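**Q** So here's data-v5.pdb (PDB, C-alpha atoms).
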ATOM      1  CA  LYS A  28       0.000   0.000   0.000
ATOM      2  CA  ALA A  29       1.435   3.371  -0.982
ATOM      3  CA  GLY A  30       2.275   5.759   1.832
ATOM      4  CA  VAL A  31       1.427   9.401   2.297
ATOM      5  CA  THR A  32       2.752  11.547  -0.528
ATOM      6  CA  GLN A  33       3.454  15.261  -0.486
ATOM      7  CA  THR A  34       4.248  17.669  -3.283
ATOM      8  CA  PRO A  35       6.341  19.568  -3.906
ATOM      9  CA  ARG A  36       9.220  18.323  -1.787
ATOM     10  CA  TYR A  37      11.053  21.645  -1.814
ATOM     11  CA  LEU A  38       9.968  25.230  -2.307
ATOM     12  CA  ILE A  39      11.668  28.587  -2.223
ATOM     13  CA  LYS A  40       9.479  31.679  -1.912
ATOM     14  CA  THR A  41       9.948  35.308  -0.992
ATOM     15  CA  ARG A  42       8.261  37.273   1.746
ATOM     16  CA  GLY A  43       4.736  38.343   0.924
ATOM     17  CA  GLN A  44       4.085  35.547  -1.544
ATOM     18  CA  GLN A  45       1.657  32.729  -0.963
ATOM     19  CA  VAL A  46       2.186  28.990  -1.277
ATOM     20  CA  THR A  47       0.056  25.881  -1.682
ATOM     21  CA  LEU A  48       1.201  22.453  -0.549
ATOM     22  CA  SER A  49      -0.468  19.183  -1.463
ATOM     23  CA  CYS A  50      -0.944  15.905   0.390
ATOM     24  CA  SER A  51      -2.344  12.562  -0.744
ATOM     25  CA  PRO A  52      -3.220  10.256   2.162
ATOM     26  CA  ILE A  53      -2.874   6.503   2.353
ATOM     27  CA  SER A  54      -5.644   4.857   0.358
ATOM     28  CA  GLY A  55      -8.727   4.470   2.527
ATOM     29  CA  HIS A  56      -7.638   7.053   5.084
ATOM     30  CA  ARG A  57     -10.116   9.864   5.474
ATOM     31  CA  SER A  58      -8.400  12.062   8.033
ATOM     32  CA  VAL A  59      -5.535  14.355   7.084
ATOM     33  CA  SER A  60      -3.570  16.427   9.585
ATOM     34  CA  TRP A  61      -0.928  19.058   8.926
ATOM     35  CA  TYR A  62       2.059  19.901  11.098
ATOM     36  CA  GLN A  63       4.841  22.465  11.008
ATOM     37  CA  GLN A  64       8.322  21.436  12.124
ATOM     38  CA  THR A  65      11.036  23.958  12.981
ATOM     39  CA  PRO A  66      14.279  23.545  14.929
ATOM     40  CA  GLY A  67      13.083  25.888  17.662
ATOM     41  CA  GLN A  68       9.484  24.808  18.156
ATOM     42  CA  GLY A  69       9.617  21.199  17.036
ATOM     43  CA  LEU A  70       6.512  19.607  15.551
ATOM     44  CA  GLN A  71       3.350  21.662  15.962
ATOM     45  CA  PHE A  72      -0.185  20.799  14.921
ATOM     46  CA  LEU A  73      -1.757  23.081  12.312
ATOM     47  CA  PHE A  74      -5.164  21.567  11.520
ATOM     48  CA  GLU A  75      -7.046  18.393  10.726
ATOM     49  CA  TYR A  76      -9.581  17.601   8.010
ATOM     50  CA  PHE A  77     -12.121  14.824   7.768
ATOM     51  CA  SER A  78     -14.775  14.470   5.082
ATOM     52  CA  GLU A  79     -13.847  17.862   3.636
ATOM     53  CA  THR A  80     -14.415  19.602   6.995
ATOM     54  CA  GLN A  81     -11.847  21.179   9.272
ATOM     55  CA  ARG A  82     -12.487  19.679  12.680
ATOM     56  CA  ASN A  83      -9.654  21.066  14.731
ATOM     57  CA  LYS A  84      -7.080  23.790  14.446
ATOM     58  CA  GLY A  85      -3.837  24.528  16.243
ATOM     59  CA  ASN A  86      -2.587  27.884  17.431
ATOM     60  CA  PHE A  87      -1.542  29.419  14.119
ATOM     61  CA  PRO A  88      -2.602  32.697  12.462
ATOM     62  CA  GLY A  89      -5.321  32.850   9.852
ATOM     63  CA  ARG A  90      -2.687  33.063   7.104
ATOM     64  CA  PHE A  91      -2.541  29.290   7.398
ATOM     65  CA  SER A  92      -5.502  27.568   5.828
ATOM     66  CA  GLY A  93      -6.366  24.304   4.211
ATOM     67  CA  ARG A  94      -8.989  22.262   2.508
ATOM     68  CA  GLN A  95      -9.804  18.673   1.735
ATOM     69  CA  PHE A  96     -11.316  17.233  -1.395
ATOM     70  CA  SER A  97     -13.840  14.432  -1.795
ATOM     71  CA  ASN A  98     -11.050  11.934  -2.521
ATOM     72  CA  SER A  99      -9.448  12.869   0.852
ATOM     73  CA  ARG A 100      -6.532  14.650  -0.778
ATOM     74  CA  SER A 101      -5.699  17.843   1.080
ATOM     75  CA  GLU A 102      -4.033  21.148   0.368
ATOM     76  CA  MET A 103      -2.531  23.661   2.736
ATOM     77  CA  ASN A 104      -2.141  27.327   1.877
ATOM     78  CA  VAL A 105       0.002  29.970   3.517
ATOM     79  CA  SER A 106      -0.623  33.549   2.455
ATOM     80  CA  THR A 107       1.602  36.592   2.917
ATOM     81  CA  LEU A 108       4.654  34.510   3.731
ATOM     82  CA  GLU A 109       6.986  35.596   6.519
ATOM     83  CA  LEU A 110      10.584  34.564   7.135
ATOM     84  CA  GLY A 111       9.446  32.598  10.178
ATOM     85  CA  ASP A 112       7.286  30.366   7.996
ATOM     86  CA  SER A 113      10.411  28.593   6.779
ATOM     87  CA  ALA A 114       9.920  25.046   8.007
ATOM     88  CA  LEU A 115       9.272  21.442   7.122
ATOM     89  CA  TYR A 116       5.538  20.995   6.577
ATOM     90  CA  LEU A 117       4.322  17.505   7.287
ATOM     91  CA  CYS A 118       1.089  15.851   6.406
ATOM     92  CA  ALA A 119      -0.212  12.797   8.254
ATOM     93  CA  SER A 120      -3.146  10.536   7.527
ATOM     94  CA  SER A 121      -5.233   8.152   9.597
ATOM     95  CA  LEU A 122      -8.389   6.160   9.019
ATOM     96  CA  LEU A 123     -10.900   8.293  10.892
ATOM     97  CA  GLY A 124      -8.795  10.766  12.868
ATOM     98  CA  GLN A 125     -10.083   9.485  16.197
ATOM     99  CA  GLY A 126      -8.120   9.808  19.410
ATOM    100  CA  GLY A 127      -5.600   7.061  19.805
ATOM    101  CA  GLU A 128      -5.498   6.251  16.112
ATOM    102  CA  THR A 129      -2.060   6.025  14.539
ATOM    103  CA  GLN A 130      -1.110   8.844  12.185
ATOM    104  CA  TYR A 131       1.248   8.058   9.301
ATOM    105  CA  PHE A 132       3.432  10.848   8.027
ATOM    106  CA  GLY A 133       4.546  11.823   4.573
ATOM    107  CA  PRO A 134       8.075  12.922   3.653
ATOM    108  CA  GLY A 135       7.267  16.600   4.097
ATOM    109  CA  THR A 136       7.631  19.760   2.045
ATOM    110  CA  ARG A 137      10.657  21.890   2.892
ATOM    111  CA  LEU A 138       9.687  25.569   2.531
ATOM    112  CA  LEU A 139      12.307  28.280   2.535
ATOM    113  CA  VAL A 140      11.132  31.897   2.673
ATOM    114  CA  LEU A 141      13.673  34.521   1.615
TER     115      LEU A 141
ATOM    116  CA  GLU B   2      -2.126  22.211  29.546
ATOM    117  CA  ASP B   3      -1.040  18.998  27.877
ATOM    118  CA  GLN B   4       2.707  18.586  27.849
ATOM    119  CA  VAL B   5       5.239  16.096  26.567
ATOM    120  CA  THR B   6       8.866  16.230  27.686
ATOM    121  CA  GLN B   7      11.637  14.055  26.347
ATOM    122  CA  SER B   8      15.052  13.402  27.830
ATOM    123  CA  PRO B   9      17.865  13.451  27.177
ATOM    124  CA  GLU B  10      17.884  15.937  24.288
ATOM    125  CA  ALA B  11      20.868  14.146  22.777
ATOM    126  CA  LEU B  12      22.572  10.843  23.435
ATOM    127  CA  ARG B  13      25.734   9.406  21.990
ATOM    128  CA  LEU B  14      26.355   5.676  22.452
ATOM    129  CA  GLN B  15      28.879   3.172  21.281
ATOM    130  CA  GLU B  16      27.620   0.376  19.077
ATOM    131  CA  GLY B  17      26.248  -2.350  21.339
ATOM    132  CA  GLU B  18      25.796  -0.025  24.336
ATOM    133  CA  SER B  19      22.193  -0.300  25.516
ATOM    134  CA  SER B  20      20.262   2.653  26.929
ATOM    135  CA  SER B  21      16.803   4.145  27.446
ATOM    136  CA  LEU B  22      15.060   7.282  26.249
ATOM    137  CA  ASN B  23      12.410   8.921  28.401
ATOM    138  CA  CYS B  24       9.112  10.585  27.543
ATOM    139  CA  SER B  25       7.097  12.092  30.378
ATOM    140  CA  TYR B  26       3.617  13.437  29.779
ATOM    141  CA  THR B  27       0.896  15.349  31.530
ATOM    142  CA  VAL B  28      -2.436  14.835  29.854
ATOM    143  CA  SER B  29      -5.908  14.294  31.172
ATOM    144  CA  GLY B  30      -7.203  10.959  29.961
ATOM    145  CA  LEU B  31      -4.392   9.388  27.968
ATOM    146  CA  ARG B  32      -5.712   7.875  24.766
ATOM    147  CA  GLY B  33      -2.482   6.578  23.408
ATOM    148  CA  LEU B  34       1.200   7.403  23.360
ATOM    149  CA  PHE B  35       3.081   7.214  20.097
ATOM    150  CA  TRP B  36       6.752   6.728  19.303
ATOM    151  CA  TYR B  37       8.209   7.813  15.992
ATOM    152  CA  ARG B  38      11.654   7.743  14.471
ATOM    153  CA  GLN B  39      12.749  10.621  12.252
ATOM    154  CA  ASP B  40      15.796  10.665   9.990
ATOM    155  CA  PRO B  41      17.202  14.016   8.805
ATOM    156  CA  GLY B  42      15.066  15.637   6.125
ATOM    157  CA  LYS B  43      12.381  12.950   6.296
ATOM    158  CA  GLY B  44       8.968  12.587   7.844
ATOM    159  CA  PRO B  45       8.492  10.732  11.141
ATOM    160  CA  GLU B  46       8.256   6.962  10.798
ATOM    161  CA  PHE B  47       5.785   5.217  13.086
ATOM    162  CA  LEU B  48       7.246   2.790  15.613
ATOM    163  CA  PHE B  49       4.784   2.008  18.427
ATOM    164  CA  THR B  50       1.483   2.907  20.009
ATOM    165  CA  LEU B  51       0.900   2.225  23.714
ATOM    166  CA  TYR B  52      -2.513   2.593  25.298
ATOM    167  CA  SER B  53      -2.364   1.547  28.932
ATOM    168  CA  ALA B  54       0.074   1.479  31.846
ATOM    169  CA  GLY B  55       2.075  -1.721  31.906
ATOM    170  CA  GLU B  56       1.871  -2.234  28.177
ATOM    171  CA  GLU B  57       5.058  -3.130  26.309
ATOM    172  CA  LYS B  58       5.830  -3.447  22.606
ATOM    173  CA  GLU B  59       8.966  -4.613  20.836
ATOM    174  CA  LYS B  60      10.444  -4.266  17.396
ATOM    175  CA  GLU B  61      13.922  -5.534  16.645
ATOM    176  CA  ARG B  62      16.269  -3.745  19.085
ATOM    177  CA  LEU B  63      13.591  -1.399  20.407
ATOM    178  CA  LYS B  64      11.140  -1.907  23.247
ATOM    179  CA  ALA B  65       8.628   0.683  24.400
ATOM    180  CA  THR B  66       7.028   0.654  27.832
ATOM    181  CA  LEU B  67       4.355   2.812  29.447
ATOM    182  CA  THR B  68       3.525   3.901  32.989
ATOM    183  CA  LYS B  69       0.897   6.372  34.176
ATOM    184  CA  LYS B  70       3.294   9.283  33.866
ATOM    185  CA  GLU B  71       5.992   8.316  31.385
ATOM    186  CA  SER B  72       7.134   6.048  28.615
ATOM    187  CA  PHE B  73      10.536   4.585  27.945
ATOM    188  CA  LEU B  74      12.086   3.543  24.679
ATOM    189  CA  HIS B  75      14.726   0.958  25.447
ATOM    190  CA  ILE B  76      17.326   0.298  22.808
ATOM    191  CA  THR B  77      19.314  -2.918  23.159
ATOM    192  CA  ALA B  78      22.694  -3.433  21.499
ATOM    193  CA  PRO B  79      22.148  -0.555  19.065
ATOM    194  CA  LYS B  80      23.736  -0.355  15.642
ATOM    195  CA  PRO B  81      24.814   2.773  13.719
ATOM    196  CA  GLU B  82      21.645   2.531  11.600
ATOM    197  CA  ASP B  83      19.614   3.198  14.755
ATOM    198  CA  SER B  84      20.951   6.753  14.744
ATOM    199  CA  ALA B  85      17.975   9.104  14.377
ATOM    200  CA  THR B  86      15.765  11.464  16.333
ATOM    201  CA  TYR B  87      13.151   9.634  18.385
ATOM    202  CA  LEU B  88       9.908  11.474  19.015
ATOM    203  CA  CYS B  89       7.049  10.702  21.336
ATOM    204  CA  ALA B  90       3.587  12.196  21.042
ATOM    205  CA  VAL B  91       0.169  12.107  22.676
ATOM    206  CA  PRO B  92      -3.185  13.057  21.115
ATOM    207  CA  MET B  93      -4.772  16.303  22.181
ATOM    208  CA  TYR B  94      -8.405  16.190  23.098
ATOM    209  CA  SER B  95     -10.218  19.173  21.723
ATOM    210  CA  GLY B  96     -13.760  18.104  22.373
ATOM    211  CA  GLY B  97     -14.336  18.399  18.655
ATOM    212  CA  GLY B  98     -13.534  14.766  18.084
ATOM    213  CA  ALA B  99     -10.432  15.340  15.996
ATOM    214  CA  ASP B 100      -7.114  15.074  17.685
ATOM    215  CA  GLY B 101      -3.792  16.530  16.702
ATOM    216  CA  LEU B 102      -0.677  15.147  18.303
ATOM    217  CA  THR B 103       1.399  17.029  20.859
ATOM    218  CA  PHE B 104       5.039  16.101  20.305
ATOM    219  CA  GLY B 105       8.039  16.209  22.571
ATOM    220  CA  LYS B 106      11.166  17.911  21.242
ATOM    221  CA  GLY B 107      12.771  14.530  20.611
ATOM    222  CA  THR B 108      15.972  12.713  21.560
ATOM    223  CA  HIS B 109      18.747  12.911  18.994
ATOM    224  CA  LEU B 110      20.476   9.533  19.177
ATOM    225  CA  ILE B 111      23.892   8.865  17.672
ATOM    226  CA  ILE B 112      25.370   5.368  17.631
ATOM    227  CA  GLN B 113      29.085   5.323  16.979
ATOM    228  CA  PRO B 114      30.675   2.255  15.356
TER     229      PRO B 114
END
As structure tokens, please, write out the structure in this file.
**A**
Amino acid sequence: KAGVTQTPRYLIKTRGQQVTLSCSPISGHRSVSWYQQTPGQGLQFLFEYFSETQRNKGNFPGRFSGRQFSNSRSEMNVSTLELGDSALYLCASSLLGQGGETQYFGPGTRLLVL
Amino acid sequence: EDQVTQSPEALRLQEGESSSLNCSYTVSGLRGLFWYRQDPGKGPEFLFTLYSAGEEKEKERLKATLTKKESFLHITAPKPEDSATYLCAVPMYSGGGADGLTFGKGTHLIIQP
């Protein structure tokens, strides 16, 4: 069974631009979560989608948004990029997104903001 | 507030030298504790899920254990390929039914040949 895939793997943007990242979950998984990983803050939860609905959101500004499509694929958007948005963005999928359910991570998208 | 703390931050061992990594947590109503391994530039790779105190799980040279306040990842006779950052995480309960994971900062493990 194919794992979680993320595209693109690397991105370079400049301040003020916006970016869209894509995630395809494991086949049959309906929950997709997004995380930001930085050396200083570690892995932090951004938001989770299930059946095209955002069910939970971490403590990030409104510049971070996402959506999920009917095939469970998800996209994450960051508008008005700031230098501090440089990070590894990770997507994780699970069957139903219920507490205690294992989340499987993709390889990540490395975003560099100049 | 839910918290996950890992120690030590970094650990350097000789090949074959066994040790343990610690993950302590404060969460109301634990619904699972997860261990992941992360190699540089890659996404976390799932290792174990533990659900109740006293539970143990093993995989090759790794064994994870759980108590009511902490979890240990024991590594027996490690090899250089076990070098990685080991992360533990617990699900956050939001009341909305969808749980993100709260991660510790990880233990950076280096196994020297």
**Q** Pull out every residue of chain A sitting within 6 Å of chain B, counting all atoms listed in the file, and send them as a list in words.
**A**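 Listed by rising number, the hits are Gly69, Phe72, Arg82, Asn83, Gly124, Gln125, Gly126, Gly127, Phe132, Gly133, Pro134 and Gly135 of chain A.
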**Q** With the PyMOL selection byres ((chain A and resi 53-59) around 7) as the selection, what would be picked from this file? Answer as a list of chain:residue names, please.
**A**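 Matching residues under the PyMOL selection byres ((chain A and resi 53-59) around 7) are A:Ala29, A:Gly30, A:Val31, A:Ser51, A:Pro52, A:Ser60, A:Trp61, A:Glu75, A:Tyr76, A:Phe77, A:Ser78, A:Ser99, A:Ser101, A:Cys118, A:Ala119, A:Ser120, A:Ser121, A:Leu122, A:Leu123, A:Gly124.
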**Q** I'd like the neighbourhood of Gln4 (chain B) as a count of residues only, where a residue qualifies if any of its atoms comes within 7 Å (using all atoms listed in the file), though same-chain residues fewer than 6 positions away should be ignored.
**A** 3
**Q** Find the distance between CA of Ala11 (chain B) and CA of Thr108 (chain B) and write it in Å to one decimal.
**A**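 That distance, rounded to one decimal, is 5.2 Å.
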**Q** May I ask for the distance between CA of Arg90 (chain A) and CA of Leu48 (chain A), given in Å to one decimal place?
**A** 13.6 Å
**Q** List the residues selected by the PyMOL selection byres ((chain B and resi 85) around 9) in the file shown, writing them as a list in words.
**A**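 So the PyMOL selection byres ((chain B and resi 85) around 9), applied here, picks out Arg38, Gln39, Asp40, Pro41, Glu82, Asp83, Ser84, Thr86, Tyr87, Thr108, His109, Leu110, Ile111 and Ile112 of chain B.
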**Q** Given the file above and the PyMOL selection byres ((chain A and resi 116) around 6), which residues are selected, and can you give them as a PDB file with C-alpha atoms, in the frame of the given file?
**A**
ATOM      1  CA  TYR A  62       2.059  19.901  11.098  1.00  0.00           C
ATOM      2  CA  GLN A  63       4.841  22.465  11.008  1.00  0.00           C
ATOM      3  CA  LEU A 115       9.272  21.442   7.122  1.00  0.00           C
ATOM      4  CA  LEU A 117       4.322  17.505   7.287  1.00  0.00           C
ATOM      5  CA  GLY A 135       7.267  16.600   4.097  1.00  0.00           C
ATOM      6  CA  THR A 136       7.631  19.760   2.045  1.00  0.00           C
TER       7      THR A 136
END
**Q** Given 8 Å on each side, where is the centre and what are the edge lengths in Å to one decimal of the axis-aligned box enclosing the listed atoms of region 97-115 of chain A, as lines of an AutoDock Vina configuration file?
**A**
center_x = -1.6
center_y = 24.3
center_z = 3.8
size_x = 40.4
size_y = 40.7
size_z = 28.7
**Q** Using all atoms listed in the file, determine which residues lie at most 10 Å from Ser72 (chain B), disregarding the query and same-chain residues fewer than 3 positions distant; provide the list as a VMD selection string.
**A** chain B and resid 7 21 to 26 34 to 36 51 54 to 57 65 to 69 75 89
**Q** Output C-alpha atoms of each residue in that selection to a file, as an mmCIF file, in the frame of the given file.
**A**
data_model
loop_
_atom_site.group_PDB
_atom_site.id
_atom_site.type_symbol
_atom_site.label_atom_id
_atom_site.label_comp_id
_atom_site.auth_asym_id
_atom_site.auth_seq_id
_atom_site.Cartn_x
_atom_site.Cartn_y
_atom_site.Cartn_z
ATOM 1 C CA GLN B 7 11.637 14.055 26.347
ATOM 2 C CA SER B 21 16.803 4.145 27.446
ATOM 3 C CA LEU B 22 15.060 7.282 26.249
ATOM 4 C CA ASN B 23 12.410 8.921 28.401
ATOM 5 C CA CYS B 24 9.112 10.585 27.543
ATOM 6 C CA SER B 25 7.097 12.092 30.378
ATOM 7 C CA TYR B 26 3.617 13.437 29.779
ATOM 8 C CA LEU B 34 1.200 7.403 23.360
ATOM 9 C CA PHE B 35 3.081 7.214 20.097
ATOM 10 C CA TRP B 36 6.752 6.728 19.303
ATOM 11 C CA LEU B 51 0.900 2.225 23.714
ATOM 12 C CA ALA B 54 0.074 1.479 31.846
ATOM 13 C CA GLY B 55 2.075 -1.721 31.906
ATOM 14 C CA GLU B 56 1.871 -2.234 28.177
ATOM 15 C CA GLU B 57 5.058 -3.130 26.309
ATOM 16 C CA ALA B 65 8.628 0.683 24.400
ATOM 17 C CA THR B 66 7.028 0.654 27.832
ATOM 18 C CA LEU B 67 4.355 2.812 29.447
ATOM 19 C CA THR B 68 3.525 3.901 32.989
ATOM 20 C CA LYS B 69 0.897 6.372 34.176
ATOM 21 C CA HIS B 75 14.726 0.958 25.447
ATOM 22 C CA CYS B 89 7.049 10.702 21.336
#
**Q** What's the separation between CA of Pro88 (chain A) and CA of Arg137 (chain A), in Å to one decimal place?
**A**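 Calculated distance between CA of Pro88 (chain A) and CA of Arg137 (chain A) is 19.6 Å.
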